[in-house]
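J.: What follows is input_32.pdb, PDB, C-alpha atoms, pLDDT in the B column.
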```
ATOM      1  CA  MET O 862      29.010  15.669 -12.688  1.00 33.00           C
ATOM      2  CA  LYS O 863      26.040  17.664 -13.974  1.00 30.00           C
ATOM      3  CA  LYS O 864      24.985  14.705 -16.106  1.00 31.00           C
ATOM      4  CA  ILE O 865      25.174  12.374 -13.090  1.00 34.00           C
ATOM      5  CA  LEU O 866      23.146  14.799 -10.967  1.00 33.00           C
ATOM      6  CA  LEU O 867      20.632  15.236 -13.761  1.00 36.00           C
ATOM      7  CA  LEU O 868      20.319  11.469 -14.133  1.00 38.00           C
ATOM      8  CA  ALA O 869      19.792  11.098 -10.382  1.00 41.00           C
ATOM      9  CA  VAL O 870      17.076  13.773 -10.423  1.00 38.00           C
ATOM     10  CA  MET O 871      15.351  12.061 -13.357  1.00 39.00           C
ATOM     11  CA  VAL O 872      15.414   8.701 -11.555  1.00 39.00           C
ATOM     12  CA  ILE O 873      13.927  10.270  -8.396  1.00 39.00           C
ATOM     13  CA  ALA O 874      11.287  12.118 -10.413  1.00 41.00           C
ATOM     14  CA  THR O 875      10.321   8.966 -12.329  1.00 39.00           C
ATOM     15  CA  THR O 876      10.112   6.949  -9.102  1.00 38.00           C
ATOM     16  CA  THR O 877       7.855   9.607  -7.564  1.00 39.00           C
ATOM     17  CA  MET O 878       5.573   9.565 -10.588  1.00 40.00           C
ATOM     18  CA  LEU O 879       5.291   5.787 -10.526  1.00 38.00           C
ATOM     19  CA  PHE O 880       4.966   5.238  -6.782  1.00 38.00           C
ATOM     20  CA  GLY O 881       4.517   8.522  -4.890  1.00 40.00           C
ATOM     21  CA  CYS O 882       1.564   9.627  -7.021  1.00 38.00           C
ATOM     22  CA  LYS O 883      -0.113   6.250  -7.294  1.00 37.00           C
ATOM     23  CA  LYS O 884      -3.885   6.550  -7.251  1.00 38.00           C
ATOM     24  CA  SER O 885      -5.337   5.353  -3.972  1.00 36.00           C
ATOM     25  CA  GLU O 886      -7.950   2.640  -4.288  1.00 44.00           C
ATOM     26  CA  PRO O 887     -11.056   2.533  -2.076  1.00 44.00           C
ATOM     27  CA  SER O 888     -11.283  -0.283   0.438  1.00 51.00           C
ATOM     28  CA  SER O 889     -13.529  -3.239  -0.327  1.00 66.00           C
ATOM     29  CA  ASP O 890     -16.143  -1.985   2.139  1.00 83.00           C
ATOM     30  CA  THR O 891     -16.482   1.397   0.394  1.00 91.00           C
ATOM     31  CA  ILE O 892     -18.728   2.075  -2.602  1.00 96.00           C
ATOM     32  CA  ILE O 893     -17.781   5.012  -4.829  1.00 97.00           C
ATOM     33  CA  ILE O 894     -21.017   6.479  -6.212  1.00 98.00           C
ATOM     34  CA  GLY O 895     -21.172   8.770  -9.223  1.00 98.00           C
ATOM     35  CA  THR O 896     -23.816  11.468  -9.432  1.00 98.00           C
ATOM     36  CA  ASN O 897     -24.528  14.807 -11.100  1.00 96.00           C
ATOM     37  CA  ALA O 898     -25.522  17.379  -8.470  1.00 96.00           C
ATOM     38  CA  GLU O 899     -27.561  19.582 -10.826  1.00 93.00           C
ATOM     39  CA  PHE O 900     -30.811  17.660 -10.636  1.00 93.00           C
ATOM     40  CA  PRO O 901     -32.829  18.915  -7.657  1.00 93.00           C
ATOM     41  CA  PRO O 902     -34.464  17.552  -5.607  1.00 95.00           C
ATOM     42  CA  PHE O 903     -32.721  14.265  -6.442  1.00 97.00           C
ATOM     43  CA  GLU O 904     -29.168  15.603  -6.174  1.00 97.00           C
ATOM     44  CA  TYR O 905     -27.886  19.141  -5.702  1.00 96.00           C
ATOM     45  CA  LEU O 906     -25.257  21.117  -3.827  1.00 96.00           C
ATOM     46  CA  ASP O 907     -26.218  22.490  -0.419  1.00 96.00           C
ATOM     47  CA  GLN O 908     -23.425  24.756   0.884  1.00 94.00           C
ATOM     48  CA  GLY O 909     -20.945  22.759  -1.160  1.00 94.00           C
ATOM     49  CA  LYS O 910     -22.197  19.361   0.032  1.00 96.00           C
ATOM     50  CA  ILE O 911     -24.065  16.925  -2.210  1.00 97.00           C
ATOM     51  CA  ALA O 912     -27.626  16.462  -0.949  1.00 98.00           C
ATOM     52  CA  GLY O 913     -31.003  15.278  -2.186  1.00 97.00           C
ATOM     53  CA  PHE O 914     -33.485  12.423  -2.416  1.00 98.00           C
ATOM     54  CA  ASP O 915     -31.042  10.061  -4.174  1.00 98.00           C
ATOM     55  CA  ILE O 916     -28.320  10.855  -1.647  1.00 98.00           C
ATOM     56  CA  ASP O 917     -30.551  10.137   1.351  1.00 98.00           C
ATOM     57  CA  LEU O 918     -31.726   6.933  -0.307  1.00 98.00           C
ATOM     58  CA  MET O 919     -28.175   5.683  -0.898  1.00 98.00           C
ATOM     59  CA  ASN O 920     -27.197   6.563   2.663  1.00 98.00           C
ATOM     60  CA  GLU O 921     -30.012   4.349   3.953  1.00 98.00           C
ATOM     61  CA  ILE O 922     -29.085   1.565   1.531  1.00 98.00           C
ATOM     62  CA  SER O 923     -25.489   1.684   2.768  1.00 97.00           C
ATOM     63  CA  LYS O 924     -26.653   1.143   6.352  1.00 97.00           C
ATOM     64  CA  ILE O 925     -28.500  -2.016   5.378  1.00 97.00           C
ATOM     65  CA  ILE O 926     -25.735  -3.547   3.253  1.00 96.00           C
ATOM     66  CA  GLY O 927     -23.038  -2.538   5.735  1.00 95.00           C
ATOM     67  CA  LYS O 928     -20.788  -0.573   3.407  1.00 95.00           C
ATOM     68  CA  LYS O 929     -19.381   2.944   3.485  1.00 96.00           C
ATOM     69  CA  ILE O 930     -20.179   5.223   0.568  1.00 96.00           C
ATOM     70  CA  GLU O 931     -18.426   8.108  -1.120  1.00 97.00           C
ATOM     71  CA  PHE O 932     -20.089  10.385  -3.675  1.00 98.00           C
ATOM     72  CA  LYS O 933     -18.325  11.858  -6.701  1.00 97.00           C
ATOM     73  CA  ASN O 934     -19.944  14.776  -8.516  1.00 97.00           C
ATOM     74  CA  MET O 935     -19.402  14.807 -12.294  1.00 96.00           C
ATOM     75  CA  ALA O 936     -21.093  15.699 -15.580  1.00 93.00           C
ATOM     76  CA  PHE O 937     -24.101  13.486 -16.284  1.00 93.00           C
ATOM     77  CA  ASP O 938     -22.863  12.350 -19.693  1.00 92.00           C
ATOM     78  CA  SER O 939     -19.561  11.186 -18.170  1.00 95.00           C
ATOM     79  CA  LEU O 940     -21.087   8.949 -15.469  1.00 96.00           C
ATOM     80  CA  LEU O 941     -21.377   5.750 -17.514  1.00 96.00           C
ATOM     81  CA  ILE O 942     -17.905   6.262 -18.982  1.00 96.00           C
ATOM     82  CA  ALA O 943     -16.454   6.726 -15.489  1.00 97.00           C
ATOM     83  CA  MET O 944     -18.097   3.533 -14.248  1.00 97.00           C
ATOM     84  CA  GLN O 945     -16.878   1.505 -17.219  1.00 94.00           C
ATOM     85  CA  ALA O 946     -13.379   2.847 -16.518  1.00 95.00           C
ATOM     86  CA  GLY O 947     -13.597   1.669 -12.909  1.00 95.00           C
ATOM     87  CA  LYS O 948     -13.485   5.166 -11.395  1.00 96.00           C
ATOM     88  CA  ILE O 949     -16.851   4.690  -9.683  1.00 97.00           C
ATOM     89  CA  ASN O 950     -18.713   1.569  -8.537  1.00 97.00           C
ATOM     90  CA  CYS O 951     -22.283   2.612  -9.269  1.00 97.00           C
ATOM     91  CA  ILE O 952     -24.458   5.545 -10.326  1.00 98.00           C
ATOM     92  CA  ILE O 953     -27.483   7.189  -8.752  1.00 98.00           C
ATOM     93  CA  SER O 954     -28.450  10.371 -10.545  1.00 97.00           C
ATOM     94  CA  GLY O 955     -32.071  10.298 -11.633  1.00 94.00           C
ATOM     95  CA  MET O 956     -30.948   7.934 -14.390  1.00 95.00           C
ATOM     96  CA  THR O 957     -33.576   6.281 -16.560  1.00 92.00           C
ATOM     97  CA  ALA O 958     -33.180   2.557 -17.118  1.00 92.00           C
ATOM     98  CA  THR O 959     -33.358   2.575 -20.921  1.00 89.00           C
ATOM     99  CA  ASP O 960     -32.890  -0.465 -23.170  1.00 91.00           C
ATOM    100  CA  GLU O 961     -29.853   1.187 -24.735  1.00 90.00           C
ATOM    101  CA  ARG O 962     -28.152   1.649 -21.368  1.00 93.00           C
ATOM    102  CA  ARG O 963     -29.035  -1.905 -20.323  1.00 94.00           C
ATOM    103  CA  GLN O 964     -26.712  -3.160 -23.052  1.00 94.00           C
ATOM    104  CA  HIS O 965     -23.759  -1.788 -21.075  1.00 94.00           C
ATOM    105  CA  VAL O 966     -24.845  -1.803 -17.406  1.00 96.00           C
ATOM    106  CA  ASN O 967     -27.178  -3.514 -14.973  1.00 97.00           C
ATOM    107  CA  PHE O 968     -29.967  -1.567 -13.309  1.00 98.00           C
ATOM    108  CA  SER O 969     -31.511  -2.015  -9.906  1.00 98.00           C
ATOM    109  CA  GLU O 970     -35.230  -2.273  -9.372  1.00 97.00           C
ATOM    110  CA  PRO O 971     -36.879   1.131 -10.064  1.00 96.00           C
ATOM    111  CA  TYR O 972     -36.961   3.530  -7.124  1.00 97.00           C
ATOM    112  CA  PHE O 973     -38.881   6.433  -8.716  1.00 95.00           C
ATOM    113  CA  ILE O 974     -41.317   7.023 -11.588  1.00 90.00           C
ATOM    114  CA  SER O 975     -40.948  10.329 -13.440  1.00 87.00           C
ATOM    115  CA  LYS O 976     -42.154  12.043 -16.601  1.00 86.00           C
ATOM    116  CA  GLN O 977     -41.039  14.870 -18.842  1.00 88.00           C
ATOM    117  CA  ALA O 978     -42.023  18.516 -18.443  1.00 90.00           C
ATOM    118  CA  VAL O 979     -41.558  21.712 -20.427  1.00 94.00           C
ATOM    119  CA  LEU O 980     -39.993  24.726 -18.717  1.00 96.00           C
ATOM    120  CA  VAL O 981     -41.046  28.017 -20.345  1.00 97.00           C
ATOM    121  CA  PRO O 982     -41.289  31.743 -19.605  1.00 96.00           C
ATOM    122  CA  GLU O 983     -44.560  32.610 -17.836  1.00 94.00           C
ATOM    123  CA  ASN O 984     -45.781  34.674 -20.801  1.00 91.00           C
ATOM    124  CA  SER O 985     -44.967  31.939 -23.346  1.00 94.00           C
ATOM    125  CA  ASN O 986     -47.427  30.945 -26.064  1.00 93.00           C
ATOM    126  CA  ILE O 987     -46.261  27.352 -25.636  1.00 93.00           C
ATOM    127  CA  LYS O 988     -49.085  25.599 -23.797  1.00 90.00           C
ATOM    128  CA  ASN O 989     -48.356  21.909 -24.440  1.00 86.00           C
ATOM    129  CA  PHE O 990     -45.780  19.598 -25.944  1.00 86.00           C
ATOM    130  CA  ASP O 991     -47.192  19.928 -29.463  1.00 88.00           C
ATOM    131  CA  ASP O 992     -46.518  23.682 -29.392  1.00 92.00           C
ATOM    132  CA  LEU O 993     -42.775  23.007 -29.433  1.00 93.00           C
ATOM    133  CA  LYS O 994     -42.922  22.428 -33.164  1.00 94.00           C
ATOM    134  CA  GLY O 995     -40.950  25.148 -34.923  1.00 95.00           C
ATOM    135  CA  LYS O 996     -39.519  26.500 -31.662  1.00 96.00           C
ATOM    136  CA  LYS O 997     -35.992  26.742 -30.298  1.00 97.00           C
ATOM    137  CA  ILE O 998     -35.757  23.975 -27.679  1.00 97.00           C
ATOM    138  CA  GLY O 999     -33.096  23.525 -25.014  1.00 97.00           C
ATOM    139  CA  VAL O1000     -32.175  20.058 -23.766  1.00 96.00           C
ATOM    140  CA  VAL O1001     -29.489  18.597 -21.508  1.00 94.00           C
ATOM    141  CA  ILE O1002     -27.008  16.111 -22.947  1.00 92.00           C
ATOM    142  CA  GLY O1003     -27.792  12.560 -21.872  1.00 88.00           C
ATOM    143  CA  TYR O1004     -31.180  13.367 -20.334  1.00 89.00           C
ATOM    144  CA  THR O1005     -34.373  11.653 -21.468  1.00 87.00           C
ATOM    145  CA  GLY O1006     -35.653  15.052 -22.599  1.00 89.00           C
ATOM    146  CA  GLU O1007     -32.883  15.236 -25.185  1.00 92.00           C
ATOM    147  CA  MET O1008     -33.819  11.850 -26.620  1.00 88.00           C
ATOM    148  CA  VAL O1009     -37.544  12.646 -26.692  1.00 87.00           C
ATOM    149  CA  VAL O1010     -37.105  16.057 -28.313  1.00 92.00           C
ATOM    150  CA  LYS O1011     -34.626  14.848 -30.925  1.00 92.00           C
ATOM    151  CA  ASP O1012     -36.911  11.962 -31.794  1.00 90.00           C
ATOM    152  CA  MET O1013     -40.005  14.143 -32.171  1.00 90.00           C
ATOM    153  CA  TYR O1014     -38.671  17.491 -33.410  1.00 92.00           C
ATOM    154  CA  LYS O1015     -35.333  16.946 -35.138  1.00 89.00           C
ATOM    155  CA  ASP O1016     -36.835  17.973 -38.506  1.00 91.00           C
ATOM    156  CA  THR O1017     -39.107  20.791 -37.345  1.00 93.00           C
ATOM    157  CA  SER O1018     -37.354  22.633 -34.524  1.00 95.00           C
ATOM    158  CA  GLU O1019     -33.954  24.004 -33.596  1.00 96.00           C
ATOM    159  CA  ILE O1020     -32.585  21.866 -30.766  1.00 97.00           C
ATOM    160  CA  ILE O1021     -29.768  23.210 -28.603  1.00 97.00           C
ATOM    161  CA  SER O1022     -27.980  20.803 -26.252  1.00 95.00           C
ATOM    162  CA  TYR O1023     -26.390  21.956 -22.991  1.00 96.00           C
ATOM    163  CA  GLU O1024     -23.883  20.129 -20.803  1.00 91.00           C
ATOM    164  CA  ALA O1025     -25.604  21.086 -17.553  1.00 91.00           C
ATOM    165  CA  THR O1026     -29.173  21.685 -16.418  1.00 92.00           C
ATOM    166  CA  GLY O1027     -28.271  25.082 -14.977  1.00 92.00           C
ATOM    167  CA  GLN O1028     -27.018  26.236 -18.390  1.00 95.00           C
ATOM    168  CA  ALA O1029     -30.281  25.213 -20.051  1.00 96.00           C
ATOM    169  CA  VAL O1030     -32.360  26.989 -17.405  1.00 96.00           C
ATOM    170  CA  MET O1031     -30.283  30.165 -17.775  1.00 96.00           C
ATOM    171  CA  ALA O1032     -30.820  29.979 -21.547  1.00 97.00           C
ATOM    172  CA  VAL O1033     -34.623  29.892 -21.292  1.00 97.00           C
ATOM    173  CA  SER O1034     -34.582  32.644 -18.654  1.00 96.00           C
ATOM    174  CA  ALA O1035     -32.497  34.826 -20.970  1.00 96.00           C
ATOM    175  CA  GLY O1036     -34.698  34.122 -23.986  1.00 96.00           C
ATOM    176  CA  LYS O1037     -31.993  32.227 -25.856  1.00 97.00           C
ATOM    177  CA  VAL O1038     -34.366  29.272 -26.231  1.00 97.00           C
ATOM    178  CA  ASP O1039     -38.157  29.159 -26.167  1.00 97.00           C
ATOM    179  CA  ALA O1040     -38.383  26.182 -23.832  1.00 97.00           C
ATOM    180  CA  VAL O1041     -36.384  23.527 -22.028  1.00 97.00           C
ATOM    181  CA  VAL O1042     -37.505  19.906 -21.749  1.00 94.00           C
ATOM    182  CA  LEU O1043     -36.398  17.991 -18.658  1.00 91.00           C
ATOM    183  CA  ASP O1044     -37.722  15.764 -15.895  1.00 90.00           C
ATOM    184  CA  MET O1045     -40.766  16.948 -13.962  1.00 89.00           C
ATOM    185  CA  GLU O1046     -39.457  17.298 -10.403  1.00 90.00           C
ATOM    186  CA  PRO O1047     -36.255  19.177 -11.335  1.00 92.00           C
ATOM    187  CA  ALA O1048     -38.335  21.396 -13.632  1.00 93.00           C
ATOM    188  CA  LYS O1049     -40.595  22.294 -10.691  1.00 92.00           C
ATOM    189  CA  LYS O1050     -37.594  23.155  -8.520  1.00 91.00           C
ATOM    190  CA  TYR O1051     -35.994  25.361 -11.149  1.00 94.00           C
ATOM    191  CA  ALA O1052     -39.296  27.163 -11.798  1.00 94.00           C
ATOM    192  CA  ALA O1053     -39.749  27.779  -8.068  1.00 93.00           C
ATOM    193  CA  ASN O1054     -36.247  29.210  -7.769  1.00 92.00           C
ATOM    194  CA  ASN O1055     -36.256  31.304 -10.966  1.00 93.00           C
ATOM    195  CA  ALA O1056     -38.835  34.079 -11.195  1.00 93.00           C
ATOM    196  CA  GLY O1057     -40.624  34.303 -14.508  1.00 95.00           C
ATOM    197  CA  LEU O1058     -40.507  30.601 -15.360  1.00 96.00           C
ATOM    198  CA  ALA O1059     -43.394  28.127 -15.441  1.00 95.00           C
ATOM    199  CA  VAL O1060     -43.749  24.362 -15.845  1.00 94.00           C
ATOM    200  CA  LEU O1061     -46.082  22.638 -18.295  1.00 89.00           C
ATOM    201  CA  ASP O1062     -47.159  19.165 -17.237  1.00 69.00           C
ATOM    202  CA  THR O1063     -47.036  17.230 -20.488  1.00 70.00           C
ATOM    203  CA  ALA O1064     -47.720  13.739 -19.080  1.00 63.00           C
ATOM    204  CA  LEU O1065     -45.234  12.514 -21.672  1.00 65.00           C
ATOM    205  CA  ALA O1066     -42.501   9.872 -21.575  1.00 66.00           C
ATOM    206  CA  GLU O1067     -43.058   8.271 -18.197  1.00 78.00           C
ATOM    207  CA  GLU O1068     -39.805   6.691 -17.054  1.00 86.00           C
ATOM    208  CA  GLU O1069     -38.237   4.684 -14.242  1.00 92.00           C
ATOM    209  CA  TYR O1070     -35.189   5.848 -12.297  1.00 96.00           C
ATOM    210  CA  SER O1071     -32.821   3.088 -11.240  1.00 97.00           C
ATOM    211  CA  ILE O1072     -29.325   2.663  -9.804  1.00 98.00           C
ATOM    212  CA  ALA O1073     -26.766   1.652 -12.437  1.00 98.00           C
ATOM    213  CA  LEU O1074     -24.012  -0.886 -11.772  1.00 98.00           C
ATOM    214  CA  PRO O1075     -21.337  -2.658 -13.833  1.00 97.00           C
ATOM    215  CA  LYS O1076     -22.486  -5.826 -15.584  1.00 95.00           C
ATOM    216  CA  GLU O1077     -20.040  -7.966 -13.641  1.00 94.00           C
ATOM    217  CA  ASN O1078     -21.021  -6.776 -10.147  1.00 94.00           C
ATOM    218  CA  THR O1079     -24.176  -8.822  -9.683  1.00 96.00           C
ATOM    219  CA  ALA O1080     -23.464  -9.324  -5.980  1.00 95.00           C
ATOM    220  CA  LEU O1081     -23.772  -5.596  -5.237  1.00 96.00           C
ATOM    221  CA  LEU O1082     -26.842  -5.414  -7.478  1.00 97.00           C
ATOM    222  CA  ASP O1083     -28.548  -8.102  -5.400  1.00 97.00           C
ATOM    223  CA  GLU O1084     -27.629  -6.350  -2.148  1.00 97.00           C
ATOM    224  CA  ILE O1085     -29.013  -3.017  -3.370  1.00 98.00           C
ATOM    225  CA  ASN O1086     -32.262  -4.570  -4.615  1.00 98.00           C
ATOM    226  CA  LYS O1087     -32.826  -6.295  -1.279  1.00 98.00           C
ATOM    227  CA  ALA O1088     -32.081  -3.048   0.561  1.00 98.00           C
ATOM    228  CA  LEU O1089     -34.539  -1.108  -1.620  1.00 98.00           C
ATOM    229  CA  ASN O1090     -37.275  -3.626  -0.829  1.00 98.00           C
ATOM    230  CA  THR O1091     -36.493  -3.379   2.882  1.00 98.00           C
ATOM    231  CA  LEU O1092     -36.677   0.434   2.812  1.00 98.00           C
ATOM    232  CA  LYS O1093     -40.039   0.302   1.047  1.00 97.00           C
ATOM    233  CA  GLU O1094     -41.401  -2.272   3.486  1.00 97.00           C
ATOM    234  CA  ASN O1095     -40.228  -0.605   6.713  1.00 97.00           C
ATOM    235  CA  GLY O1096     -41.472   2.882   5.778  1.00 97.00           C
ATOM    236  CA  THR O1097     -38.065   4.528   5.408  1.00 98.00           C
ATOM    237  CA  TYR O1098     -38.579   5.121   1.683  1.00 97.00           C
ATOM    238  CA  ASP O1099     -41.875   6.908   2.352  1.00 96.00           C
ATOM    239  CA  LYS O1100     -40.197   9.167   4.926  1.00 97.00           C
ATOM    240  CA  ILE O1101     -37.495  10.181   2.444  1.00 97.00           C
ATOM    241  CA  TYR O1102     -40.130  10.715  -0.249  1.00 95.00           C
ATOM    242  CA  SER O1103     -42.211  12.956   2.020  1.00 94.00           C
ATOM    243  CA  LYS O1104     -39.146  15.015   2.895  1.00 95.00           C
ATOM    244  CA  TYR O1105     -38.631  16.038  -0.742  1.00 94.00           C
ATOM    245  CA  PHE O1106     -41.992  15.761  -2.492  1.00 88.00           C
ATOM    246  CA  ASN O1107     -44.901  16.070  -0.041  1.00 71.00           C
ATOM    247  CA  LYS O1108     -44.504  19.787   0.660  1.00 56.00           C
TER     248      LYS O1108
END
```
Just dump the structure as structure tokens.
T.:
Amino acid sequence: MKKILLLAVMVIATTTMLFGCKKSEPSSDTIIIGTNAEFPPFEYLDQGKIAGFDIDLMNEISKIIGKKIEFKNMAFDSLLIAMQAGKINCIISGMTATDERRQHVNFSEPYFISKQAVLVPENSNIKNFDDLKGKKIGVVIGYTGEMVVKDMYKDTSEIISYEATGQAVMAVSAGKVDAVVLDMEPAKKYAANNAGLAVLDTALAEEEYSIALPKENTALLDEINKALNTLKENGTYDKIYSKYFNK
């Protein structure tokens, strides 16, 4: 009797695992968007809600293409993996459209031009990018800053990679690294919100931010590109830009 009951329980449990816990799929009119909310002012958490320039931009794009959107916050270096696995439909996260990434994904038309900056303590003797030679440099995994620093200073400096921007900023504030290299606008935000930090404008590694999509989803790519052009033509893009950068 115990064996029969045990077998019945196992059958019920297996059925629940297979059917009761089945992952729900988004409807065809919903786009699941991956982002990393540690990159202000492009994406960040505001009272637990994802906000920022990229978020506002995607909300306006969704209105034009007539689709609902849902944002998923995850580590930056896991975004492309998640999209290739089908967990998200596209990515907007201050992502640079590099040739290496283009081998695996399609990119929309650029929506922002950025460059790299150096975040240092205010009393630092680092005054420009060349001064990083021989220093302890913090970078964020997957960011352009990591690629630039490793390319230029892998033989002359100690490079420490962090999983999140906040970790890298805490490290330079605590003196664990001499500087952190990351994108200009986020660097400005972190300096403004962390006393004792300053930003060096290096005018190095200008880059284009684009929305990433799977290779096979060319239809959504076309819709997003058309929407971006519309937002730039009707002034909506400029309004969003002014909200975050013209202050």
J.: Hey, which bits of region 1000-1043 of chain O sit within 10 Å of region 896-900 of chain O, and for each residue what's the closest pair of atoms and how far apart in Å (one decimal), counting only C-alpha atoms, rows by chain and increasing number, as a Markdown table?
T.:
```
| residue | atom | partner | partner_atom | distance |
| --- | --- | --- | --- | --- |
| O:Ala1025 | CA | O:Glu899 | CA | 7.2 |
| O:Thr1026 | CA | O:Glu899 | CA | 6.2 |
| O:Gly1027 | CA | O:Glu899 | CA | 6.9 |
| O:Leu1043 | CA | O:Phe900 | CA | 9.8 |
```
J.: Could you write those residues out with C-alpha atoms, as a PDB file, keeping the file's coordinate frame?
T.:
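Produced file out-v8.pdb, reproduced below:
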```
ATOM      1  CA  ALA O1025     -25.604  21.086 -17.553  1.00 91.00           C
ATOM      2  CA  THR O1026     -29.173  21.685 -16.418  1.00 92.00           C
ATOM      3  CA  GLY O1027     -28.271  25.082 -14.977  1.00 92.00           C
ATOM      4  CA  LEU O1043     -36.398  17.991 -18.658  1.00 91.00           C
TER       5      LEU O1043
END
```
J.: Could you tell me, as JSON, numbers by chain, exactly which residues end up selected when the PyMOL selection byres ((chain O and resi 1033-1038) around 9) is applied to this structure?
T.: {"O": [980, 981, 982, 996, 997, 998, 999, 1020, 1021, 1028, 1029, 1030, 1031, 1032, 1039, 1040, 1041, 1055, 1056, 1057, 1058]}
J.: What's around region 934-945 of chain O at 10 Å? Count all atoms listed in the file, leave out sequence neighbours fewer than 4 positions away in its own chain, and write the answer as a ChimeraX atom specification.
T.: /O:893-900,904-906,910-911,949-956,962,965-966,1001-1004,1024-1026,1073-1076
J.: With all atoms listed in the file as the basis for distance, which of O:Met1013, O:Asp960, O:Leu1081, O:Lys988 is at the shortest distance from Thr891 (chain O)?
T.: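 With all atoms listed in the file as the atom set, the closest residue is O:Leu1081.
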J.: Just checking: using only C-alpha atoms, which residue out of O:Ser1018, O:Lys994, O:Asn1086, O:Pro902 ends up closest to Asn1054 (chain O)?
T.: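 With only C-alpha atoms as the atom set, the closest residue is O:Pro902.
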J.: What does the distance between CA of Asp1016 (chain O) and CA of Asp991 (chain O) come to in Å, to one decimal place?
T.: 13.9 Å
J.: Find the spatial neighbours of Lys929 (chain O), counting all atoms listed in the file, within a cut-off of 12 Å - ignore same-chain residues fewer than 3 positions away - and output them as a ChimeraX atom specification.
T.: /O:887-894,919-926,932
J.: State, in Å with one decimal place, the distance from CA of Ile974 (chain O) to CA of Glu1069 (chain O).
T.: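 CA of Ile974 (chain O) sits 4.7 Å away from CA of Glu1069 (chain O).
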